[in-house]
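Peer 1: Once you've had a glance at the structure underneath, I'll fire off some questions.
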Amino acid sequence: MTGALIAAAVLVAATAFGLVRRHRDGVLRARRGEGGEMAETIRPDELGAELGEKATLLQFSSAFCAPCRATRRVLGEVSGMVDGVAHVELDAEAHLDLVRRLNVVRTPTVLVLDGAGRVVRRATGAPRKPDVIAALGEVIP
């Protein structure tokens with residue numbers, strides 16, 4: 001009887017975790033530091049690429065990440081549609097200093113940077129194309 005209760009509790013907890021993760025996966029959330037200040041600024045030399053004039057879609061990927069391929073396609077399409085927006089993809093393993101500093105814990109992780117390189121939005125998981133476009137609409141004046 002006790003084993004059945006433990007199994008049921010584990011099942012309920014796993015289901016709740018899965019539902020929460022599914023709901024939050026790929027959602028671009030605002031990133032703010034203390035006192036409303038922007039949390040982080042990323043320089044072009046840290047990326048090995050130029051920032052977009054208006055915004056940059058920064059993607060952290062890994063070699064065997066299937067959602068990373070879909071994210072690459074979505075961000076590439078969006079950056080091609082919106083003038084002044086660049087898409088930069090970094091291999092998480094090759095950029096461990098940035099991964100640690102930005103607290104990237106899984107791939108894909110997408111950061112939306114404004115024209116000055118400040119992180120203004122963040123998503124863990126594959127974001128949807130309309131959500132990326134909406135996030136850029138809030139970033140680009």
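As shown in the structure tokens, the chain order sets the letters A, B, ...; within each chain, residues go from 1, and ligands are also counted from 1 in the order they appear.
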Please provide the set of residues having any atom within 12 Å of Met81 of chain A, restricted to only C-alpha atoms, with same-chain residues fewer than 6 positions apart removed, written as a PyMOL selection string.
Peer 2: chain A and resi 74-75+87+129+132-133+136
Peer 1: Please produce an output containing C-alpha atoms for each residue in the selection, written as a PDB file, in the first residue's frame.
Peer 2:
ATOM      1  CA  VAL A  74      13.000  30.343 -36.825  1.00  0.00           C
ATOM      2  CA  LEU A  75      15.561  32.941 -35.734  1.00  0.00           C
ATOM      3  CA  HIS A  87      21.070  36.183 -35.584  1.00  0.00           C
ATOM      4  CA  LYS A 129       8.133  32.647 -34.510  1.00  0.00           C
ATOM      5  CA  VAL A 132      10.113  36.290 -31.402  1.00  0.00           C
ATOM      6  CA  ILE A 133       8.538  38.875 -33.703  1.00  0.00           C
ATOM      7  CA  LEU A 136      11.430  42.395 -31.319  1.00  0.00           C
TER       8      LEU A 136
END
Peer 1: With distances taken over only C-alpha atoms, which of A:Ala70, A:Leu102, A:Ala116, A:Ala92 is nearest to Glu50 of chain A?
Peer 2: A:Ala116
Peer 1: Among segment 50-134 of chain A, which residues does DSSP mark as strand (DSSP E or B) when it is run on the backbone? Keep the chain and numbering as in the structure and answer as JSON, numbers by chain.
Peer 2: {"A": [55, 56, 57, 58, 59, 60, 61, 85, 86, 87, 88, 89, 90, 91, 109, 110, 111, 112, 113, 114, 118, 119, 120, 121, 122, 123, 124]}
Peer 1: Which residue is closest to Ser79 of chain A? Choose from A:Ile140, A:Leu98, A:Ala63, A:Ala55 and count only C-alpha atoms.
Peer 2: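 For Ser79 of chain A, the nearest of the given residues is A:Ala55.
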Peer 1: Would you compute the distance between atom CA of Pro67 of chain A and atom CA of Val112 of chain A? Give it in Å to one decimal.
Peer 2: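 Computed distance, atom CA of Pro67 of chain A to atom CA of Val112 of chain A, equals 17.7 Å.
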Peer 1: Counting only C-alpha atoms, what is within 10 Å of Thr71 of chain A, bar same-chain residues fewer than 5 positions away, as a list in words?
Peer 2: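 With the cut-off at 10 Å, the set is Gly26, Gln59, Phe60, Ser61, Ala66, Gly76, Glu77, Glu89, Thr107, Pro108, Thr109, Val110, Gly125, Ala126, Pro127, Arg128 and Lys129 of chain A.
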Peer 1: Between A:Ile42, A:Ile6, A:Leu90, A:Ala49, which residue has the minimum interatomic distance to Leu113 of chain A, considering only C-alpha atoms?
Peer 2: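 Closest residue, counting only C-alpha atoms: A:Ile42.
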Peer 1: Quick check, in Å to one decimal: how far apart do atom CA of Asp131 of chain A and atom CA of Ala94 of chain A lie?
Peer 2: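 Atom CA of Ala94 of chain A lies at a distance of 27.8 Å from atom CA of Asp131 of chain A.
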Peer 1: If DSSP is run on the backbone, what residues of segment 67-104 of chain A are alpha helix (DSSP H)? A reply as a list in words would be ideal.
Peer 2: Pro67, Cys68, Arg69, Ala70, Thr71, Arg72, Arg73, Val74, Leu75, Gly76, Glu77, Val78, Ser79, Gly80, Met81, Leu96, Asp97, Leu98, Val99, Arg100 and Arg101 of chain A
Peer 1: If I take atom CA of Val104 of chain A and atom CA of Leu51 of chain A, how far is one from the other in Å, to one decimal?
Peer 2: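 Value for the atom CA of Val104 of chain A-atom CA of Leu51 of chain A distance: 19.7 Å.
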Peer 1: Please determine, counting only C-alpha atoms, which residue among A:Arg43, A:Gly48, A:Thr56, A:Val78 has the shortest atom-to-atom distance to Pro130 of chain A.
Peer 2: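 Closest candidate: A:Val78.
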Peer 1: Which residue is closest to Leu57 of chain A? Choose from A:Asp45, A:Ala134, A:Ala4, A:Val85 and count only C-alpha atoms.
Peer 2: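 The shortest atom-to-atom distance to Leu57 of chain A comes from A:Val85.
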Peer 1: Smallest atom-to-atom distance to Gly117 of chain A: which of A:Lys54, A:Arg100, A:His95, A:Arg69, using only C-alpha atoms?
Peer 2: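 Closest to Gly117 of chain A, using only C-alpha atoms: A:Lys54.
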